[in-house]
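Everything on this sheet refers to the single structure shown next.
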Amino acid sequence: MTLRAVVKGVGHYLPDRIVPNAELEALVQTTDEWIRSRSGIERRHFVAQGQTTSDLATFAAQAALTHAGLSPDDIDAIVLATSTADLTFPSAATMVQAKLGMTQGFAFDVQAVCAGFVYALSTANALIVSGQAKRVLVIGAETFSRLMDWDDRATCVLFGDGAGALVLEGQELTGTSADRGILATDLHSDGRFKDLLYVDGGVSTGKTGHLRMQGKEVFRHAVEKLAETAHAALDKAGLSGEDVDWIVPHQANIRIIEGTAKRMQVPMERVVVTVQDHGNTSAASIPLALSVGVQRGQIKQGDLLVTEAIGGGLAWGAVVLRW
């Protein structure tokens with residue numbers, strides 16, 4: 001028998017304000033056609049004034065707990081992936097813990113930008129299989145609209161805000177690739193590529209800063225590295241692209257999503273795509289897409305999923321799981 005981290009529930013939350021491409025035409029020199037043709041994005045959500053990343057994360061967590069039929073008292077740990085925590089410290093995860101009324105267990109943040117949720121899933125899996133936690137709430141939440149430079153038309157139109165969450169539970173299963181739960185993970189980073197995607201602010205600068213990105217270079221690395229890490233994770237699980245029911249990728253750019261699927265030889269009909277409605281929500285994009293995929297009736301129990309993402313660092317990775 002093998003201890004697996006099995007998905008018990010999923011949920012998401014999006015801020016009320018929907019920002020279509022047409023609204024951005026009034027802010028920067030761009031057009032709806034330009035944004036759609038280069039990214040596939042049609043609209044995104046922005047937080048309201050005073051609304052924080054931990055607020056979004058809490059709403060998504062509550063939705064996932066409801067879906068799982070569990071309460072905060074049933075959770076042993078919270079792992080929150082974010083690059084836009086409310087404060088420098090404490091962690092946004094501990095703020096979510098308080099807002100949920102959870103007084104036991106432990107909570108912490110994981111920061112790997114757009115790859116954050118893949119890193120958080122891997123971390124939660126390790127907590128469960130090592131016996132440190134039985135149930136882990138894994139959240140991705142971001143308020144990237146607050147990092148945009150509205151004079152940089154190439155990047156400010158790409159990002160949005162939101163949150164998604166999963167509840168993972170340890171279950172003793174057969175130890176084969178037919179098991180439900182996380183079957184394999186594959187993580188990488190290479191700090192030599194920091195300047196391709198970063199925020200020019202932080203403690204050392206005394207300012208929040210803005211997101212800076214070399215889009216063409218990030219695109220080139222993304223298609224190559226995402227396909228490689230997905231194949232590596234599948235190999236670890238003893239599976240191949242032919243076994244995959246759904247790719248649930250980081251929702252950054254439709255061309256990256258299409259390019260990665262092509263390299264994996266998986267048709268787009270088996271890819272969950274939400275980028276048109278949410279934009280790039282960084283660490284929130286994969287759990288958002290998982291939750292929407294379940295709502296749509298695409299993802300069903302027993303389906304084999306591959307999630308993969310790349311973000312600043314550069315950091316990238318993939319997770320293979322059976323729903």
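Just so we're on the same page: first chain in the structure tokens is A, next is B, and so on; residues restart at 1 for each chain, and ligands are numbered from 1 in the order they show up.
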Can you list, as a PDB file with C-alpha atoms, in the first residue's frame, all residues belonging to segment 122-320 of chain A that DSSP tags as strand (DSSP E)?
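Contents of the output file result_14.pdb:
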ATOM      1  CA  ARG A 135      -5.367  16.995   5.127  1.00  0.00           C
ATOM      2  CA  VAL A 136      -3.793  20.057   3.490  1.00  0.00           C
ATOM      3  CA  LEU A 137      -5.527  23.071   2.023  1.00  0.00           C
ATOM      4  CA  VAL A 138      -3.510  24.170  -1.037  1.00  0.00           C
ATOM      5  CA  ILE A 139      -4.289  27.655  -2.347  1.00  0.00           C
ATOM      6  CA  GLY A 140      -3.091  29.867  -5.179  1.00  0.00           C
ATOM      7  CA  ALA A 141      -4.082  33.534  -4.863  1.00  0.00           C
ATOM      8  CA  GLU A 142      -2.844  36.731  -6.502  1.00  0.00           C
ATOM      9  CA  THR A 143      -3.597  40.441  -6.894  1.00  0.00           C
ATOM     10  CA  ASP A 161      -6.601  38.711 -10.011  1.00  0.00           C
ATOM     11  CA  GLY A 162      -8.189  35.621  -8.491  1.00  0.00           C
ATOM     12  CA  ALA A 163      -7.777  32.568  -6.298  1.00  0.00           C
ATOM     13  CA  GLY A 164      -8.278  28.817  -6.411  1.00  0.00           C
ATOM     14  CA  ALA A 165      -7.921  26.066  -3.819  1.00  0.00           C
ATOM     15  CA  LEU A 166      -7.761  22.301  -3.403  1.00  0.00           C
ATOM     16  CA  VAL A 167      -8.198  20.095  -0.356  1.00  0.00           C
ATOM     17  CA  LEU A 168      -5.784  17.151  -0.359  1.00  0.00           C
ATOM     18  CA  GLU A 169      -6.255  14.130   1.908  1.00  0.00           C
ATOM     19  CA  GLY A 170      -3.900  11.241   2.574  1.00  0.00           C
ATOM     20  CA  GLN A 171      -5.310   7.846   1.560  1.00  0.00           C
ATOM     21  CA  GLU A 172      -3.715   4.387   1.530  1.00  0.00           C
ATOM     22  CA  LEU A 173      -3.929   3.075  -2.039  1.00  0.00           C
ATOM     23  CA  GLY A 181      -4.116  11.439  -6.101  1.00  0.00           C
ATOM     24  CA  ILE A 182      -0.704  12.905  -6.878  1.00  0.00           C
ATOM     25  CA  LEU A 183       1.353  10.325  -8.766  1.00  0.00           C
ATOM     26  CA  ALA A 184       4.504  12.327  -9.560  1.00  0.00           C
ATOM     27  CA  THR A 185       6.021  15.806  -9.369  1.00  0.00           C
ATOM     28  CA  ASP A 186       8.905  17.479 -11.212  1.00  0.00           C
ATOM     29  CA  LEU A 187      10.368  20.842 -10.142  1.00  0.00           C
ATOM     30  CA  HIS A 188      13.128  23.060 -11.562  1.00  0.00           C
ATOM     31  CA  SER A 189      14.552  26.559 -11.313  1.00  0.00           C
ATOM     32  CA  LEU A 197      10.610  38.188 -15.497  1.00  0.00           C
ATOM     33  CA  TYR A 198      10.784  40.057 -12.200  1.00  0.00           C
ATOM     34  CA  VAL A 199       9.384  42.928 -10.109  1.00  0.00           C
ATOM     35  CA  LEU A 211       6.377  43.744 -13.112  1.00  0.00           C
ATOM     36  CA  ARG A 212       9.052  43.634 -15.841  1.00  0.00           C
ATOM     37  CA  MET A 213       9.067  40.962 -18.526  1.00  0.00           C
ATOM     38  CA  TRP A 246      -6.591  16.628 -19.428  1.00  0.00           C
ATOM     39  CA  ILE A 247      -3.688  19.044 -19.462  1.00  0.00           C
ATOM     40  CA  VAL A 248      -4.465  21.843 -17.006  1.00  0.00           C
ATOM     41  CA  PRO A 249      -1.713  24.358 -17.754  1.00  0.00           C
ATOM     42  CA  LEU A 304      -5.520  11.663 -15.381  1.00  0.00           C
ATOM     43  CA  LEU A 305      -4.343  15.276 -15.261  1.00  0.00           C
ATOM     44  CA  VAL A 306      -1.042  17.013 -15.928  1.00  0.00           C
ATOM     45  CA  THR A 307      -0.570  20.524 -14.560  1.00  0.00           C
ATOM     46  CA  GLU A 308       2.491  22.527 -15.567  1.00  0.00           C
ATOM     47  CA  ALA A 309       3.682  26.103 -15.102  1.00  0.00           C
ATOM     48  CA  ILE A 310       6.658  28.421 -15.489  1.00  0.00           C
ATOM     49  CA  GLY A 311       7.280  31.748 -13.808  1.00  0.00           C
ATOM     50  CA  ALA A 315      10.998  28.441 -11.864  1.00  0.00           C
ATOM     51  CA  TRP A 316       8.987  25.692 -13.524  1.00  0.00           C
ATOM     52  CA  GLY A 317       7.528  22.264 -12.905  1.00  0.00           C
ATOM     53  CA  ALA A 318       4.699  19.775 -13.391  1.00  0.00           C
ATOM     54  CA  VAL A 319       2.438  17.539 -11.361  1.00  0.00           C
ATOM     55  CA  VAL A 320       0.708  14.360 -12.528  1.00  0.00           C
TER      56      VAL A 320
END
As a PyMOL selection string, please: every residue in segment 18-250 of chain A that a backbone DSSP assignment puts in helix (DSSP H, G or I). chain A and resi 21-24+32-39+53-68+72-74+92-100+113-129+144-147+153-156+191-196+215-236+241-243
Determine, counting only C-alpha atoms, which protein, DNA and RNA residues have an atom within 10 Å of an atom of segment 99-112 of chain A; residues of the same chain fewer than 6 positions away are not included. Present the result as JSON, numbers by chain. {"A": [54, 55, 57, 58, 59, 61, 62, 71, 72, 73, 74, 75, 76, 77, 78, 79, 80, 81, 82, 83, 84, 85, 90, 91, 92, 93, 118, 119, 120, 123, 133, 136, 137, 138, 139, 140, 189, 282, 283, 310, 311, 312, 313, 314, 315, 316]}
Would you mind telling me which residue in A:Val6, A:Ser39, A:Glu217, A:Glu25 lies nearest to Gly279 of chain A when using only C-alpha atoms? A:Ser39
Near segment 150-154 of chain A, counting only C-alpha atoms, which residues have an atom at most 9 Å away, once you skip same-chain residues fewer than 6 positions from it, shown as a list in words? Leu27, Val28, Gln29, Thr30, Ile35, Arg212, Met213 and Gly215 of chain A
Could those selected residues go to a file with C-alpha atoms, as a CSV table (one decimal), in the first residue's frame?
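Result written to out_27.csv:
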chain,number,residue,atom,x,y,z
A,27,LEU,CA,-5.9,53.3,-20.5
A,28,VAL,CA,-3.1,52.3,-22.8
A,29,GLN,CA,-2.3,52.3,-26.5
A,30,THR,CA,-3.7,48.9,-27.4
A,35,ILE,CA,-4.5,41.6,-27.0
A,212,ARG,CA,9.1,43.6,-15.8
A,213,MET,CA,9.1,41.0,-18.5
A,215,GLY,CA,8.0,38.5,-23.4
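In this structure, atom CA of Glu23 of chain A sits 26.5 Å away from atom CA of Pro287 of chain A.
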Taking only C-alpha atoms into account, name the residue in A:Pro267, A:Arg220, A:Arg146, A:Asn125 that is nearest to Gln49 of chain A. A:Arg146
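Neighbouring residues of Gln295 of chain A at 10 Å or closer, counting only C-alpha atoms and skipping chain neighbours under 6 positions away, are A:Val10, A:Gly11, A:Ala289.
Proximity ranking of A:Leu70, A:Leu234, A:Thr2, A:Gly209 relative to Met148 of chain A places A:Gly209 first, based on only C-alpha atoms.
If you measure from each of A:Met268, A:Val203, A:Val157, A:Leu321 to Asp32 of chain A using only C-alpha atoms, the closest one turns out to be A:Val157.
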Near Glu269 of chain A, counting only C-alpha atoms, which residues have an atom at most 12 Å away, once you skip same-chain residues fewer than 3 positions from it, shown as a ChimeraX atom specification? /A:244-248,257-258,261-262,265-266,272-273,298
